[in-house]
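For reference, upload_13.txt (compact mmCIF, C-alpha atoms):
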```txt
# COMPACT_ATOMS: atom_id res chain seq x y z
CA MET B 26 45.96 -6.21 17.34
CA PRO B 27 45.41 -2.49 16.63
CA VAL B 28 42.49 -1.49 14.44
CA PRO B 29 43.71 -0.11 11.07
CA THR B 30 43.03 3.52 10.29
CA ILE B 31 40.04 3.95 7.99
CA ASP B 32 41.07 5.31 4.61
CA ALA B 33 39.23 8.58 4.13
CA GLY B 34 39.64 8.29 0.36
CA VAL B 35 37.43 5.20 0.28
CA LEU B 36 34.76 7.06 2.16
CA GLU B 37 34.91 10.00 -0.21
CA ARG B 38 34.62 7.82 -3.29
CA GLY B 39 31.62 6.06 -1.83
CA GLY B 40 29.85 9.24 -0.87
CA VAL B 41 29.90 8.11 2.77
CA ARG B 42 31.00 10.26 5.70
CA LEU B 43 32.08 8.87 9.08
CA ALA B 44 32.24 10.86 12.33
CA ILE B 45 33.25 9.36 15.66
CA ALA B 46 32.63 11.00 19.03
CA GLY B 47 33.66 8.71 21.89
CA PRO B 48 31.43 5.62 21.84
CA LEU B 49 29.22 6.99 19.03
CA ALA B 50 29.88 6.64 15.31
CA THR B 51 27.69 8.46 12.80
CA VAL B 52 27.66 7.10 9.25
CA THR B 53 26.15 9.53 6.76
CA LEU B 54 25.27 8.81 3.14
CA ASP B 55 26.47 12.09 1.68
CA ARG B 56 25.19 12.44 -1.89
CA PRO B 57 22.23 14.77 -1.27
CA ASP B 58 22.14 15.94 -4.91
CA VAL B 59 20.92 12.44 -5.91
CA LEU B 60 18.99 11.75 -2.70
CA ASN B 61 21.88 9.59 -1.43
CA ALA B 62 21.47 7.04 -4.21
CA GLN B 63 23.81 4.10 -3.71
CA THR B 64 26.51 2.53 -5.88
CA PRO B 65 28.99 -0.32 -5.33
CA ALA B 66 31.41 2.26 -3.93
CA THR B 67 28.82 3.11 -1.28
CA TRP B 68 28.68 -0.54 -0.23
CA GLN B 69 32.46 -0.87 -0.27
CA ALA B 70 32.77 2.16 1.99
CA LEU B 71 30.12 0.80 4.37
CA ARG B 72 31.87 -2.58 4.46
CA HIS B 73 35.19 -0.88 5.12
CA ILE B 74 33.71 0.98 8.08
CA GLY B 75 32.23 -2.20 9.51
CA GLU B 76 35.50 -4.11 9.18
CA GLN B 77 37.69 -1.44 10.75
CA LEU B 78 35.47 0.40 13.21
CA ASP B 79 37.12 0.76 16.61
CA PRO B 80 35.74 -1.82 19.08
CA ASP B 81 35.23 0.97 21.63
CA VAL B 82 32.39 2.30 19.46
CA ARG B 83 29.17 1.12 21.11
CA VAL B 84 26.51 2.84 19.00
CA VAL B 85 26.31 3.51 15.26
CA VAL B 86 23.79 5.96 13.80
CA VAL B 87 23.15 5.68 10.06
CA ARG B 88 21.53 8.62 8.30
CA GLY B 89 21.28 10.45 5.01
CA SER B 90 22.42 13.96 4.17
CA GLY B 91 19.73 16.39 3.04
CA ARG B 92 16.05 15.59 2.61
CA ALA B 93 16.22 11.82 2.05
CA PHE B 94 17.72 8.79 3.76
CA SER B 95 18.44 7.05 0.44
CA ALA B 96 16.48 6.84 -2.81
CA GLY B 97 17.95 3.40 -3.55
CA LEU B 98 20.24 2.48 -6.43
CA ASP B 99 21.90 5.14 -8.52
CA ARG B 100 20.02 5.22 -11.85
CA ARG B 101 23.29 4.53 -13.72
CA MET B 102 23.21 1.00 -12.28
CA PHE B 103 20.33 0.32 -14.72
CA THR B 104 21.49 2.21 -17.81
CA GLY B 105 24.88 0.66 -18.46
CA GLU B 106 26.65 3.98 -17.88
CA PRO B 107 29.99 3.80 -16.06
CA VAL B 108 29.56 3.64 -12.28
CA ASP B 109 32.49 4.27 -9.94
CA GLY B 110 34.85 3.97 -12.89
CA GLU B 111 33.53 0.58 -13.97
CA PRO B 112 31.26 -0.01 -17.00
CA GLY B 113 28.04 -1.90 -17.08
CA GLY B 114 26.21 -1.30 -13.79
CA LEU B 115 24.18 -4.33 -12.77
CA GLY B 116 24.70 -5.83 -16.20
CA ALA B 117 28.42 -6.20 -15.43
CA LEU B 118 27.52 -9.10 -13.16
CA LEU B 119 26.61 -11.08 -16.28
CA SER B 120 30.04 -10.61 -17.84
CA VAL B 121 31.82 -12.68 -15.18
CA SER B 122 31.47 -16.26 -14.00
CA ALA B 123 28.65 -17.27 -11.67
CA GLU B 124 31.16 -17.71 -8.85
CA GLU B 125 32.62 -14.24 -9.38
CA ALA B 126 29.16 -12.66 -9.56
CA ASP B 127 28.11 -14.42 -6.36
CA ALA B 128 31.25 -13.20 -4.59
CA LYS B 129 30.65 -9.66 -5.84
CA ILE B 130 27.08 -9.57 -4.50
CA ALA B 131 28.30 -11.08 -1.21
CA SER B 132 30.78 -8.20 -0.92
CA TYR B 133 27.92 -5.73 -1.44
CA GLN B 134 25.86 -7.47 1.25
CA ALA B 135 28.76 -7.16 3.69
CA GLY B 136 28.26 -3.40 3.68
CA PHE B 137 24.90 -4.02 5.36
CA THR B 138 25.23 -7.18 7.44
CA TRP B 139 27.77 -5.83 9.94
CA LEU B 140 25.07 -3.48 11.22
CA SER B 141 23.27 -6.46 12.80
CA ASP B 142 26.33 -7.59 14.77
CA PRO B 143 25.36 -7.56 18.49
CA ALA B 144 28.76 -6.03 19.32
CA ARG B 145 27.13 -2.61 19.01
CA VAL B 146 23.70 -1.00 18.79
CA THR B 147 22.78 0.42 15.39
CA ILE B 148 20.15 3.09 14.76
CA ALA B 149 18.75 4.27 11.42
CA ALA B 150 17.66 7.92 11.52
CA VAL B 151 15.27 8.08 8.56
CA GLN B 152 14.03 11.26 6.93
CA GLY B 153 12.28 11.33 3.55
CA HIS B 154 12.61 8.45 1.12
CA ALA B 155 14.18 5.11 2.07
CA ILE B 156 13.67 3.18 -1.15
CA GLY B 157 15.02 -0.23 -2.17
CA ALA B 158 18.62 -0.37 -0.99
CA GLY B 159 17.80 2.55 1.32
CA PHE B 160 15.00 0.53 2.93
CA GLN B 161 17.31 -2.46 3.27
CA LEU B 162 19.96 -0.30 4.93
CA ALA B 163 17.43 0.88 7.50
CA LEU B 164 16.27 -2.72 8.03
CA ALA B 165 19.86 -3.78 8.76
CA CYS B 166 19.87 -1.63 11.90
CA ASP B 167 18.57 -2.60 15.34
CA PHE B 168 16.33 0.47 15.66
CA ARG B 169 14.61 2.80 13.23
CA VAL B 170 13.66 6.35 14.25
CA LEU B 171 11.54 8.00 11.58
CA ALA B 172 10.69 11.59 10.79
CA GLU B 173 7.04 12.15 9.92
CA ASP B 174 7.91 12.55 6.22
CA ALA B 175 9.68 9.18 5.99
CA GLN B 176 8.55 6.65 3.39
CA PHE B 177 9.72 3.06 3.00
CA CYS B 178 9.47 1.11 -0.25
CA MET B 179 10.94 -2.22 -1.35
CA ALA B 180 11.16 -1.29 -5.01
CA GLU B 181 13.25 -4.16 -6.39
CA THR B 182 10.49 -6.56 -7.45
CA GLY B 183 8.74 -3.80 -9.37
CA LEU B 184 11.97 -3.33 -11.32
CA GLY B 185 12.18 -7.03 -12.16
CA LEU B 186 14.82 -7.68 -9.50
CA VAL B 187 14.82 -9.04 -5.94
CA PRO B 188 15.97 -7.48 -2.65
CA ASP B 189 19.50 -8.88 -2.30
CA LEU B 190 21.20 -6.69 0.30
CA GLY B 191 20.00 -8.61 3.33
CA GLY B 192 16.62 -6.93 3.74
CA THR B 193 14.22 -9.87 3.40
CA LEU B 194 15.01 -11.63 6.70
CA PRO B 195 14.69 -8.59 9.01
CA LEU B 196 11.56 -7.51 7.14
CA VAL B 197 9.86 -10.87 7.78
CA ARG B 198 10.99 -10.81 11.42
CA LEU B 199 9.50 -7.36 11.90
CA VAL B 200 6.16 -7.63 10.11
CA GLY B 201 5.60 -11.35 9.38
CA TYR B 202 5.52 -13.31 6.13
CA SER B 203 2.26 -12.07 4.64
CA ARG B 204 2.92 -8.37 5.20
CA ALA B 205 6.52 -8.69 4.03
CA ALA B 206 5.39 -10.48 0.86
CA GLU B 207 2.84 -7.77 0.15
CA LEU B 208 5.33 -4.93 0.64
CA CYS B 209 7.94 -6.60 -1.59
CA VAL B 210 5.65 -7.79 -4.39
CA THR B 211 3.58 -4.60 -4.67
CA SER B 212 6.49 -2.18 -4.05
CA ARG B 213 4.03 0.21 -2.46
CA ARG B 214 5.09 3.17 -0.32
CA VAL B 215 4.75 2.81 3.47
CA SER B 216 4.26 6.02 5.43
CA ALA B 217 5.91 6.76 8.76
CA GLU B 218 2.57 6.35 10.54
CA GLU B 219 1.97 2.92 9.01
CA SER B 220 5.58 1.92 9.67
CA LEU B 221 5.05 2.59 13.36
CA ARG B 222 1.76 0.71 13.38
CA ILE B 223 3.08 -2.45 11.72
CA GLY B 224 6.40 -2.58 13.57
CA LEU B 225 8.88 -1.17 11.04
CA ALA B 226 9.57 1.92 13.16
CA ASN B 227 10.46 2.23 16.82
CA SER B 228 9.26 5.82 16.91
CA VAL B 229 8.05 8.63 14.65
CA VAL B 230 8.76 12.28 15.38
CA PRO B 231 8.39 15.63 13.62
CA VAL B 232 11.17 16.32 11.11
CA ALA B 233 12.60 19.06 13.33
CA ASP B 234 12.83 16.66 16.28
CA LEU B 235 14.63 13.79 14.53
CA ASP B 236 18.12 14.69 15.77
CA ALA B 237 16.94 15.15 19.35
CA ALA B 238 15.04 11.85 19.29
CA VAL B 239 18.08 9.98 18.03
CA GLU B 240 20.31 11.65 20.62
CA ALA B 241 17.92 10.60 23.39
CA LEU B 242 17.90 7.00 22.14
CA VAL B 243 21.70 6.95 21.92
CA ALA B 244 21.92 8.16 25.51
CA ALA B 245 19.47 5.50 26.65
CA VAL B 246 21.30 2.59 24.99
CA LEU B 247 24.65 3.78 26.35
CA LYS B 248 23.47 3.57 29.98
CA PRO B 249 23.68 -0.23 30.48
CA ALA B 250 27.05 -2.02 30.55
CA GLN B 251 28.30 -2.82 27.07
CA GLY B 252 28.64 -6.52 27.83
CA ALA B 253 25.04 -6.73 29.00
CA VAL B 254 23.78 -5.00 25.86
CA THR B 255 25.83 -7.24 23.56
CA GLU B 256 24.69 -10.43 25.28
CA THR B 257 21.05 -9.28 25.26
CA LEU B 258 21.12 -8.39 21.56
CA ALA B 259 22.62 -11.79 20.79
CA LEU B 260 19.86 -13.51 22.78
CA ILE B 261 17.15 -11.56 20.99
CA ALA B 262 18.73 -12.39 17.62
CA SER B 263 18.81 -16.09 18.45
CA ALA B 264 15.17 -16.01 19.53
CA ALA B 265 14.22 -14.23 16.30
CA SER B 266 16.05 -16.86 14.28
CA GLY B 267 13.58 -19.48 15.50
CA VAL B 268 15.70 -21.56 17.87
CA GLY B 269 13.78 -23.92 20.12
CA TYR B 270 12.66 -22.93 23.60
CA THR B 271 15.02 -25.37 25.32
CA GLU B 272 17.98 -24.12 23.29
CA GLN B 273 17.08 -20.50 24.01
CA LEU B 274 16.93 -21.22 27.75
CA ALA B 275 20.40 -22.76 27.55
CA LEU B 276 21.70 -19.68 25.70
CA GLU B 277 20.23 -17.43 28.40
CA ARG B 278 21.91 -19.46 31.15
CA ALA B 279 25.28 -19.32 29.42
CA ALA B 280 25.00 -15.58 28.81
CA GLN B 281 24.07 -14.91 32.42
CA LEU B 282 27.00 -16.93 33.71
CA ARG B 283 29.35 -14.93 31.47
CA ARG B 284 27.98 -11.72 32.93
CA LEU B 285 28.39 -12.98 36.50
CA ARG B 286 31.97 -14.03 35.76
CA SER B 287 32.59 -10.56 34.36
CA PHE B 288 31.34 -8.99 37.59
CA ALA B 289 33.53 -11.34 39.63
CA ALA B 290 36.60 -10.47 37.55
CA LEU B 291 35.98 -6.75 38.06
CA SER B 292 35.55 -7.24 41.80
CA ALA B 293 38.82 -9.17 41.99
CA GLN B 294 40.64 -6.32 40.25
CA SER B 295 39.31 -3.63 42.60
```
Kindly return the structure encoded in the file as structure tokens.
Amino acid sequence: MPVPTIDAGVLERGGVRLAIAGPLATVTLDRPDVLNAQTPATWQALRHIGEQLDPDVRVVVVRGSGRAFSAGLDRRMFTGEPVDGEPGGLGALLSVSAEEADAKIASYQAGFTWLSDPARVTIAAVQGHAIGAGFQLALACDFRVLAEDAQFCMAETGLGLVPDLGGTLPLVRLVGYSRAAELCVTSRRVSAEESLRIGLANSVVPVADLDAAVEALVAAVLKPAQGAVTETLALIASAASGVGYTEQLALERAAQLRRLRSFAALSAQS
């Protein structure tokens, strides 16, 4: 079944820009005047990309336009001002039934969760602030490459809310329960240097070198066969989910047999 064409209008309304070059897709939050603050339209655009991205895309880079990755929620989400043509901001969730509110939040989460699908490698290129929803967007990716000026902050608890865009599980997996609890409850800023030290960042580079560092990582992850990368990411995800050792061994055996069958099928065709 052919993949539907992505509607550019949705991307424009969400302040999200998509560029595809062969196996690489670059998703850019493009509201630099408000430090790429996010709204429901942002999450709808991200979800739309995830649902309709061509399966030939092997790597997705997520970044922000200008001097910040994302400063979190658009301030109008808290003030009751109209956001994306709808009144109420976060308060609008209280004007519908519990089931409708739950479904609405689930639709927001879907803009983030597709980034952890092992079908492709995802890389967050983080410069400047990655606050709240911005931090959770970076956490949704497989890798995080940080510029030296990057700062993470899980701001939700300090605002009387909770992180609800899928960020709590990857945060605990990366830094452990105690550190994750501290970062969420205190809402303190985490520098690029500390992020590297505690496992939030894969690498930290000077601001001027961020693009080159991301390009080098993209090239490295494109070298192995796509099937091998997908199977390996799935195995790592299952291990991180806490499956038992015996079950993990069985998953490894099954994955390896699928790879060997793939090789055999290619040999038969040649």
* To do: Would you mind reading off the distance between atom CA of Gly47 of chain B and atom CA of Asp236 of chain B, one decimal, in Å?
  =>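 Those two atoms sit 17.7 Å apart.
Here atom CA of Ala126 of chain B is placed at a distance of 18.3 Å from atom CA of Glu181 of chain B.
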* Structure fact -> Using only C-alpha atoms, the shortest atom-to-atom distance to Leu171 of chain B among B:Gly224, B:Pro65, B:Gly183, B:Gly192 belongs to B:Gly224
* To do: Find the spatial neighbours of Val59 of chain B, counting all atoms listed in the file, within a cut-off of 9 Å - ignore same-chain residues fewer than 4 positions away - and output them as JSON, numbers by chain.
  => {"B": [95, 96, 99]}
* When distances are computed from all atoms listed in the file, which of B:Ala226, B:Leu190, B:Leu258, B:Leu208 shows the smallest separation from Val246 of chain B? ->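 Residue with the minimum atom-to-atom distance to Val246 of chain B: B:Leu258.
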Using only C-alpha atoms, which residues sit within 10 Å of Val146 of chain B once same-chain residues fewer than 3 positions away are excluded, as a PDB file with C-alpha atoms, in the coordinates of the input?
```
ATOM      1  CA  LEU B  49      29.220   6.990  19.030  1.00  0.00           C
ATOM      2  CA  VAL B  82      32.390   2.300  19.460  1.00  0.00           C
ATOM      3  CA  ARG B  83      29.170   1.120  21.110  1.00  0.00           C
ATOM      4  CA  VAL B  84      26.510   2.840  19.000  1.00  0.00           C
ATOM      5  CA  VAL B  85      26.310   3.510  15.260  1.00  0.00           C
ATOM      6  CA  VAL B  86      23.790   5.960  13.800  1.00  0.00           C
ATOM      7  CA  LEU B 140      25.070  -3.480  11.220  1.00  0.00           C
ATOM      8  CA  SER B 141      23.270  -6.460  12.800  1.00  0.00           C
ATOM      9  CA  ASP B 142      26.330  -7.590  14.770  1.00  0.00           C
ATOM     10  CA  PRO B 143      25.360  -7.560  18.490  1.00  0.00           C
ATOM     11  CA  CYS B 166      19.870  -1.630  11.900  1.00  0.00           C
ATOM     12  CA  ASP B 167      18.570  -2.600  15.340  1.00  0.00           C
ATOM     13  CA  PHE B 168      16.330   0.470  15.660  1.00  0.00           C
ATOM     14  CA  VAL B 243      21.700   6.950  21.920  1.00  0.00           C
ATOM     15  CA  VAL B 246      21.300   2.590  24.990  1.00  0.00           C
ATOM     16  CA  LEU B 247      24.650   3.780  26.350  1.00  0.00           C
ATOM     17  CA  GLN B 251      28.300  -2.820  27.070  1.00  0.00           C
ATOM     18  CA  VAL B 254      23.780  -5.000  25.860  1.00  0.00           C
ATOM     19  CA  THR B 255      25.830  -7.240  23.560  1.00  0.00           C
ATOM     20  CA  LEU B 258      21.120  -8.390  21.560  1.00  0.00           C
TER      21      LEU B 258
END
```
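For the residues B:Leu186, B:Gln176, B:Gly97, B:Val232, ranking by smallest atom-to-atom distance to Val210 of chain B using all atoms listed in the file places B:Leu186 first.
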* **Nearby residues (all atoms listed in the file) at most 7 Å from Val230 of chain B, same-chain spacing under 5 positions excluded, as an MDAnalysis selection string** => chainID B and resid 171:173 235
* To do: Could you give me, as a ChimeraX atom specification, the residues that sit within 8 Å of (3.3, 8.6, 8.9) in the file's coordinates, counting only C-alpha atoms?
  => /B:173-176,216-221,229
May I have the selected residues written with C-alpha atoms, as a PDB file, in the frame of the given file?
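Okay, this is what ended up in selection_16.pdb:
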```pdb
ATOM      1  CA  GLU B 173       7.040  12.150   9.920  1.00  0.00           C
ATOM      2  CA  ASP B 174       7.910  12.550   6.220  1.00  0.00           C
ATOM      3  CA  ALA B 175       9.680   9.180   5.990  1.00  0.00           C
ATOM      4  CA  GLN B 176       8.550   6.650   3.390  1.00  0.00           C
ATOM      5  CA  SER B 216       4.260   6.020   5.430  1.00  0.00           C
ATOM      6  CA  ALA B 217       5.910   6.760   8.760  1.00  0.00           C
ATOM      7  CA  GLU B 218       2.570   6.350  10.540  1.00  0.00           C
ATOM      8  CA  GLU B 219       1.970   2.920   9.010  1.00  0.00           C
ATOM      9  CA  SER B 220       5.580   1.920   9.670  1.00  0.00           C
ATOM     10  CA  LEU B 221       5.050   2.590  13.360  1.00  0.00           C
ATOM     11  CA  VAL B 229       8.050   8.630  14.650  1.00  0.00           C
TER      12      VAL B 229
END
```
* Distance of atom CA of Ala165 of chain B from atom CA of Ser263 of chain B, expressed in Å to one decimal place ->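 Distance reported for this atom pair: 15.7 Å.
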Because some atoms of segment 242-257 of chain B are absent here, can you restore N, CA, C and O atoms and send them as an mmCIF file, keeping the file's coordinate frame?
```cif
data_model
loop_
_atom_site.group_PDB
_atom_site.id
_atom_site.type_symbol
_atom_site.label_atom_id
_atom_site.label_comp_id
_atom_site.auth_asym_id
_atom_site.auth_seq_id
_atom_site.Cartn_x
_atom_site.Cartn_y
_atom_site.Cartn_z
ATOM 1 N N LEU B 242 17.795 8.456 22.225
ATOM 2 C CA LEU B 242 17.900 7.000 22.140
ATOM 3 C C LEU B 242 19.350 6.555 22.326
ATOM 4 O O LEU B 242 19.611 5.556 23.016
ATOM 5 N N VAL B 243 20.285 7.276 21.735
ATOM 6 C CA VAL B 243 21.700 6.950 21.920
ATOM 7 C C VAL B 243 22.067 6.999 23.402
ATOM 8 O O VAL B 243 22.722 6.090 23.931
ATOM 9 N N ALA B 244 21.626 8.047 24.080
ATOM 10 C CA ALA B 244 21.920 8.160 25.510
ATOM 11 C C ALA B 244 21.330 7.004 26.290
ATOM 12 O O ALA B 244 21.957 6.470 27.216
ATOM 13 N N ALA B 245 20.124 6.583 25.928
ATOM 14 C CA ALA B 245 19.470 5.500 26.650
ATOM 15 C C ALA B 245 20.188 4.169 26.453
ATOM 16 O O ALA B 245 20.337 3.389 27.402
ATOM 17 N N VAL B 246 20.653 3.890 25.241
ATOM 18 C CA VAL B 246 21.300 2.590 24.990
ATOM 19 C C VAL B 246 22.738 2.570 25.499
ATOM 20 O O VAL B 246 23.313 1.479 25.643
ATOM 21 N N LEU B 247 23.307 3.741 25.787
ATOM 22 C CA LEU B 247 24.650 3.780 26.350
ATOM 23 C C LEU B 247 24.663 3.594 27.865
ATOM 24 O O LEU B 247 25.729 3.367 28.442
ATOM 25 N N LYS B 248 23.520 3.684 28.514
ATOM 26 C CA LYS B 248 23.470 3.570 29.980
ATOM 27 C C LYS B 248 23.857 2.185 30.489
ATOM 28 O O LYS B 248 24.660 2.061 31.411
ATOM 29 N N PRO B 249 23.309 1.091 29.963
ATOM 30 C CA PRO B 249 23.680 -0.230 30.480
ATOM 31 C C PRO B 249 25.126 -0.580 30.123
ATOM 32 O O PRO B 249 25.715 -0.014 29.201
ATOM 33 N N ALA B 250 25.694 -1.540 30.856
ATOM 34 C CA ALA B 250 27.050 -2.020 30.550
ATOM 35 C C ALA B 250 27.085 -2.601 29.148
ATOM 36 O O ALA B 250 26.146 -3.277 28.716
ATOM 37 N N GLN B 251 28.191 -2.354 28.443
ATOM 38 C CA GLN B 251 28.300 -2.820 27.070
ATOM 39 C C GLN B 251 28.132 -4.331 26.959
ATOM 40 O O GLN B 251 27.462 -4.839 26.061
ATOM 41 N N GLY B 252 28.744 -5.067 27.879
ATOM 42 C CA GLY B 252 28.640 -6.520 27.830
ATOM 43 C C GLY B 252 27.206 -7.000 27.958
ATOM 44 O O GLY B 252 26.795 -7.949 27.280
ATOM 45 N N ALA B 253 26.439 -6.339 28.822
ATOM 46 C CA ALA B 253 25.040 -6.730 29.000
ATOM 47 C C ALA B 253 24.233 -6.458 27.742
ATOM 48 O O ALA B 253 23.370 -7.259 27.353
ATOM 49 N N VAL B 254 24.497 -5.334 27.097
ATOM 50 C CA VAL B 254 23.780 -5.000 25.860
ATOM 51 C C VAL B 254 24.123 -6.003 24.762
ATOM 52 O O VAL B 254 23.233 -6.511 24.066
ATOM 53 N N THR B 255 25.404 -6.301 24.599
ATOM 54 C CA THR B 255 25.830 -7.240 23.560
ATOM 55 C C THR B 255 25.217 -8.614 23.762
ATOM 56 O O THR B 255 24.698 -9.226 22.821
ATOM 57 N N GLU B 256 25.257 -9.103 24.996
ATOM 58 C CA GLU B 256 24.690 -10.430 25.280
ATOM 59 C C GLU B 256 23.175 -10.434 25.052
ATOM 60 O O GLU B 256 22.612 -11.404 24.518
ATOM 61 N N THR B 257 22.506 -9.352 25.437
ATOM 62 C CA THR B 257 21.050 -9.280 25.260
ATOM 63 C C THR B 257 20.675 -9.243 23.794
ATOM 64 O O THR B 257 19.745 -9.929 23.351
#
```
